[in-house]
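These notes concern the structure reproduced below.
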Amino acid sequence: MTGFRFQLVMEPTIPAFEKALNAGAYDFAYMNPYHYVVAHRRQGYQAIVRDVENDLYGVVVVAKGSGLTNVAMLDGRKVAFPAPNAMGASLIPRAEFIRKFHIKISEVYVKSHDSAYLNVLLGQTDAAGGIRVTFDQLKPEIRDGLTIIHETERFPPHPLAAHSRVPAAAVVRIQQALLELGRDRQGLRLLAEVPIKSVGPASDQEYETLRHLGLEAFYVDQ
Amino acid sequence: MNIRVKLLVPLLLVAASVLAVMHFLAFASLKQMLVVERVNGEKRALTLVGLAIVPDLLVSDLAKIYETLSEVEQNHPWWRSLTLTTPAGKQLYPLGKAEQIEAMTRLSVPLAGVGRSLGMLTVDLEENSLVAPAISVLRRLELMVALILLFGTLAVVWQQNKSVIQPIKNLAKASHLLSEGNYDVSLPIPSGDEIGKLVSNFDIMRHAVGSRETALRQSERWLEAVIDNSTEAILTLDDQGRIQSFNRAAERIFGAPASRAIGAHFDQLVPLESMVEGGSAEIEVARFDASRFPALITASRVSAGGLSMVVATIGDLTQRRQYERIRADQHAELERLVTERTVALKEAQREALQASRLASVGQLAAGIAHEINTPIQYIGDNLNFIQDATKNILPLLDEARKLASNSEHFSNGDPLIREYFDRVDQADLDFLMNELPPAISQSLEGVTQVSRIVLSMKEFSHPGTTQKSAVDINRALENTVTVSRNTWKHIANLDVKLDPKLPRVNCHPGEINQVFLNLIINAAHAIDESGKPKPGKITVETFSAGDFIEVRFSDNGTGIPDDIKDRIFDPFFTTKDVGKGTGQGLAICYDVVVVKHGGQIVVGGANGEGAVFTIRLPVA
């Protein structure tokens, strides 16, 4: 379609990926919005396509029957997060806890969204940070024991970004090819695996609000 | 209890004992050991699982712990109620309430990390299900061993059945059949072992006994056949004189079947006192129907196997006596016939000699006839000349005498004339002149007859003719009549009526002449012996009848009686007085006409009025 050959690189850990991304190791990269903001600033990566149907946002869950009904009630309590730098599940909620709700919580990082939810369910933590998709994918017996008490602000989701060194014409051809995928069934099936439900063009301006959130303060170098 | 059961029961008992020991002792201990070993193993496995989840527990990665324990549970289906609890006793795994099952072995492993207790990993084990696979293997093993023992036992029994029991059974069956006299039992040789040798030796014995039995039976059959086919009655008697055996000839001779005779007392047939043991006697004995017949009876005592009996043979002499009478009669008849035939043979020999002599005479006659013919010829010619000369001379002689008597010299008494007349008187000239012509004529007639007889003899005898030739039968008959004239001329007048158109006949002239001669002689003899006034009458006629000619000889003699008409052509048959006829004449006629020429000879005429013999000869 494009005449280009691509080499797929999968780093073993998120920190390794962040390090390579910030060093400009990839011509194209698929990353979370926070990563994009940082990579754009450091290496000039430009978003070219993203899922235009779902926005990215975090959720805060508690155990049903726990008596906790709003975020404010979490003040001083133990909250489980998958990892410190998880965009929707950790960075955004933690930023909102401090800056929006002005509460202080005790964070526990439990490696995965599922662990975070289980810690809540089994009473090891009072609440957990997660995202809508992982919460919806929980087994019913877990999900039924939990309830969402808060949804964070919404942001455009993960973009596919091109390094500034890639010629603009090539970037356009690749962007067109990716958008083309969204027009036929087989392309949609491939995109759904990413997951991108509805592919559309992305622009750097769409991520502007993130830049003003000041997530750097909550980012943990690992 | 048969041998198969005797063999099977101990083997099965041994197998059952082995199985029982295996099941109740070995397998039970093995199971206990397996359980202990397995529980220890499971505990080690649980400890390892605990060690594996400690890091996740340290970072509260419950999802990972769930994943791990779920997988462990899937891999250990015999683990029940795998539970993870916090040190405070709060259950972290599974989500719901763990099921509590009684009568289970509970294994617990404490979890600790970074110097503090992290909780407790607990699992329930069902011992039976733990060792179930091993027990199942054991059970299968047990079953296999049981089956191996069972089938092994059966195989041993089967093998022994095949190699020992069956051959022995066959042997027993064959022995039974053998004892019943059935020798056609073939036994397969099972193997080369002792049983095989036993069967093989039995087979040899069977063959030997069978052969001897066959030979014995054959011998018995021969003996029975000899006895049954004997023309003499053969009986055996016990010491009381009761009949024990009775052969077919005895049945025939005594007129009763053996079934009736056996057991009967022999003295009702033959007086025992007349029997001489070791000897023979010709006596009269009785049949079962009381009729009596002459018999030759011999008796002898024989002993065999400690038993003795009397063997009697009885020959029926009735027929022999009849034969003896008939033979005596036949002997007398034979002697008579021999005497008769001897006489006939002597006569035939004489006739044959005569015929031979006649043949020689015929040849001689033919030769003589030839020799006579020439002088007879010139005698006749000379006599004719003399007759002619006489006819001329005699008138001249008469005239000469008349002239002499009328001359002067006669009247003158001339002495010469006187002497002439004296000599005329002396010569009886008149007588001579009168008698000379008839004398010459008679001489000529005689010469003519002689020449005719000579010719007939010559033609009749036909010396040296052996081939058939075309013969003028009329001429042959004339010759025969001439030659045989002497035999009939004083007895009968013979008329010859010949068919002038008779064709020549292809035949042996000499033999046909002999037939004609025999029939003419027979006719003359018949007339001569009839006593009728002579001369009688013989007629010889010929007729032409197509492809045949017929010659008929009729006489007015005695004729031939009807009762001997069939026999007159038999050799040696004759009605003539002994020494006069040979009985060969008509037999020769028959032989010549019928056998040699394919013709017929028929006898006819009324008895007492004369006989008519008709010969039919084929022309060709």
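Residue names in the structure tokens use chain letters A, B, ... in the order shown, residue numbers from 1 in each chain, and ligand numbers from 1 in the order shown.
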Can you list, as a short mmCIF file (atom, residue, chain, number, x, y, z; two decimals) with N, CA and C atoms, in the first residue's frame, every protein, DNA or RNA residue that comes within 12 Å of Asn486 (chain B) when you count only C-alpha atoms, leaving out same-chain residues fewer than 4 positions away?
```cif
data_model
loop_
_atom_site.label_atom_id
_atom_site.label_comp_id
_atom_site.auth_asym_id
_atom_site.auth_seq_id
_atom_site.Cartn_x
_atom_site.Cartn_y
_atom_site.Cartn_z
N ILE B 453 -16.21 -149.70 -76.35
CA ILE B 453 -15.97 -149.96 -74.91
C ILE B 453 -14.66 -149.31 -74.48
N THR B 480 -20.82 -143.92 -68.47
CA THR B 480 -21.02 -144.68 -67.23
C THR B 480 -21.93 -145.88 -67.51
N VAL B 481 -22.97 -145.60 -68.28
CA VAL B 481 -23.88 -146.71 -68.61
C VAL B 481 -23.11 -147.83 -69.32
N THR B 482 -22.25 -147.44 -70.24
CA THR B 482 -21.48 -148.42 -70.99
C THR B 482 -20.56 -149.20 -70.06
N HIS B 490 -27.84 -158.14 -66.96
CA HIS B 490 -28.58 -159.36 -66.70
C HIS B 490 -29.72 -159.14 -65.76
N ILE B 491 -29.86 -157.88 -65.27
CA ILE B 491 -30.87 -157.60 -64.24
C ILE B 491 -31.99 -156.71 -64.78
N ALA B 492 -31.58 -155.75 -65.58
CA ALA B 492 -32.60 -154.78 -65.98
C ALA B 492 -32.31 -154.23 -67.37
N ASN B 493 -33.34 -153.68 -67.96
CA ASN B 493 -33.16 -152.89 -69.16
C ASN B 493 -32.93 -151.46 -68.71
N LEU B 494 -31.97 -150.82 -69.38
CA LEU B 494 -31.66 -149.46 -68.95
C LEU B 494 -32.03 -148.49 -70.07
N LEU B 517 -22.20 -143.80 -61.38
CA LEU B 517 -21.94 -145.24 -61.32
C LEU B 517 -22.57 -145.85 -60.07
N ILE B 520 -26.34 -146.06 -60.41
CA ILE B 520 -26.77 -147.13 -61.35
C ILE B 520 -26.59 -148.50 -60.69
N ILE B 521 -25.44 -148.67 -60.01
CA ILE B 521 -25.19 -149.96 -59.34
C ILE B 521 -26.22 -150.19 -58.25
N ALA B 524 -29.42 -151.24 -59.77
CA ALA B 524 -29.36 -152.65 -60.20
C ALA B 524 -29.48 -153.57 -59.01
#
```
With a cut-off of 9 Å and counting only C-alpha atoms, select all residues of chain A in contact with chain B and give the selection as a VMD selection string.
-> chain A and resid 82 108 to 119 121 to 122 124 141 to 142
File of the preceding selection, C-alpha atoms, as a PDB file, in the first residue's frame:
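Result written to selection00.pdb:
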```pdb
ATOM      1  CA  PRO A  82      -1.690  -0.599  38.518  1.00  0.00           C
ATOM      2  CA  VAL A 108      -0.416   1.002  46.497  1.00  0.00           C
ATOM      3  CA  TYR A 109       0.923  -0.055  43.056  1.00  0.00           C
ATOM      4  CA  VAL A 110      -0.199  -3.585  42.367  1.00  0.00           C
ATOM      5  CA  LYS A 111       1.153  -4.241  38.821  1.00  0.00           C
ATOM      6  CA  SER A 112      -2.115  -4.497  36.913  1.00  0.00           C
ATOM      7  CA  HIS A 113      -5.615  -3.124  36.602  1.00  0.00           C
ATOM      8  CA  ASP A 114      -7.037  -6.505  37.620  1.00  0.00           C
ATOM      9  CA  SER A 115      -4.883  -6.576  40.746  1.00  0.00           C
ATOM     10  CA  ALA A 116      -6.054  -3.105  41.634  1.00  0.00           C
ATOM     11  CA  TYR A 117      -9.713  -4.130  41.305  1.00  0.00           C
ATOM     12  CA  LEU A 118      -9.072  -7.395  43.248  1.00  0.00           C
ATOM     13  CA  ASN A 119      -7.377  -5.519  46.068  1.00  0.00           C
ATOM     14  CA  LEU A 121     -12.797  -6.457  46.222  1.00  0.00           C
ATOM     15  CA  LEU A 122     -10.786  -8.430  48.793  1.00  0.00           C
ATOM     16  CA  GLN A 124      -6.855  -4.957  50.854  1.00  0.00           C
ATOM     17  CA  GLU A 141     -18.081 -12.074  39.834  1.00  0.00           C
ATOM     18  CA  ILE A 142     -15.421  -9.376  40.381  1.00  0.00           C
TER      19      ILE A 142
END
```
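Nearest to Tyr30 (chain A) of all the residues A:Ala86, A:Leu56, A:Asp184, A:His158 is A:His158, based on only C-alpha atoms.
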Fewer than 6 positions away in the same chain doesn't count, so skip those; otherwise give me all residues within 10 Å of region 3-18 of chain A, counting only C-alpha atoms, as a list in words.
->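 Counting only C-alpha atoms, the residues come to Gly24, Ala25, Tyr26, Asp27, Phe28, Ala29, Met31, His35, Val38, Ala39, Asn85, Ala86, Ala170, Arg173, Ile174, Asp221 and Gln222 of chain A.
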Fewer than 3 positions away in the same chain doesn't count, so skip those; otherwise give me all residues within 8 Å of region 551-568 of chain B, counting only C-alpha atoms, as a PyMOL selection string.
-> chain B and resi 519-520+523-524+526-530+532+536-543+573-574+586-587+603-616
Run DSSP on the backbone of this structure and report the residues of region 6-111 of chain B it assigns to strand (DSSP E), as a count of residues only.
-> 17
A straight line from CA of Glu251 (chain B) to CA of Ile234 (chain B) spans 9.8 Å
Please provide as a list in words all residues within 10 Å of region 32-39 of chain B, with the sequence filter that same-chain residues fewer than 3 positions apart are discarded (counting only C-alpha atoms).
-> Phe27, Ala28, Ser29, Glu42, Lys43, Arg44, Ala45, Thr105, Arg106, Leu107, Leu125, Glu126, Glu127, Asn128, Ser129, Leu130, Val131, Ala132, Ala134 and Ile135 of chain B
Take the residues just selected and output them with C-alpha atoms as a PDB file, in the first residue's frame.
```pdb
ATOM      1  CA  PHE B  27      -1.283 -54.351  46.724  1.00  0.00           C
ATOM      2  CA  ALA B  28      -2.583 -53.026  50.102  1.00  0.00           C
ATOM      3  CA  SER B  29       0.966 -52.209  51.271  1.00  0.00           C
ATOM      4  CA  GLU B  42       1.669 -32.828  47.121  1.00  0.00           C
ATOM      5  CA  LYS B  43       2.975 -30.964  50.126  1.00  0.00           C
ATOM      6  CA  ARG B  44       6.188 -30.217  48.295  1.00  0.00           C
ATOM      7  CA  ALA B  45       4.172 -29.022  45.331  1.00  0.00           C
ATOM      8  CA  THR B 105      -6.330 -34.601  54.167  1.00  0.00           C
ATOM      9  CA  ARG B 106      -5.621 -30.903  54.608  1.00  0.00           C
ATOM     10  CA  LEU B 107      -2.209 -29.542  53.728  1.00  0.00           C
ATOM     11  CA  LEU B 125      -6.595 -33.679  49.250  1.00  0.00           C
ATOM     12  CA  GLU B 126      -8.699 -36.722  48.687  1.00  0.00           C
ATOM     13  CA  GLU B 127      -6.354 -39.592  49.222  1.00  0.00           C
ATOM     14  CA  ASN B 128      -8.289 -41.950  47.077  1.00  0.00           C
ATOM     15  CA  SER B 129      -8.361 -39.620  44.147  1.00  0.00           C
ATOM     16  CA  LEU B 130      -4.714 -38.798  44.800  1.00  0.00           C
ATOM     17  CA  VAL B 131      -3.648 -42.363  44.301  1.00  0.00           C
ATOM     18  CA  ALA B 132      -6.523 -43.199  42.006  1.00  0.00           C
ATOM     19  CA  ALA B 134      -1.746 -45.366  40.555  1.00  0.00           C
ATOM     20  CA  ILE B 135      -4.440 -47.575  42.056  1.00  0.00           C
TER      21      ILE B 135
END
```
Shell around Val62 (chain A) at 12 Å using only C-alpha atoms, local window under 4 positions removed, as JSON, numbers by chain | {"A": [66, 67, 68, 69, 70, 71, 73, 74, 77, 78, 79, 80, 116, 117, 118, 119, 120, 121, 122, 123, 124, 125, 126, 127, 128, 129, 130, 135, 142, 143, 144, 145, 146, 147, 148, 149, 150]}
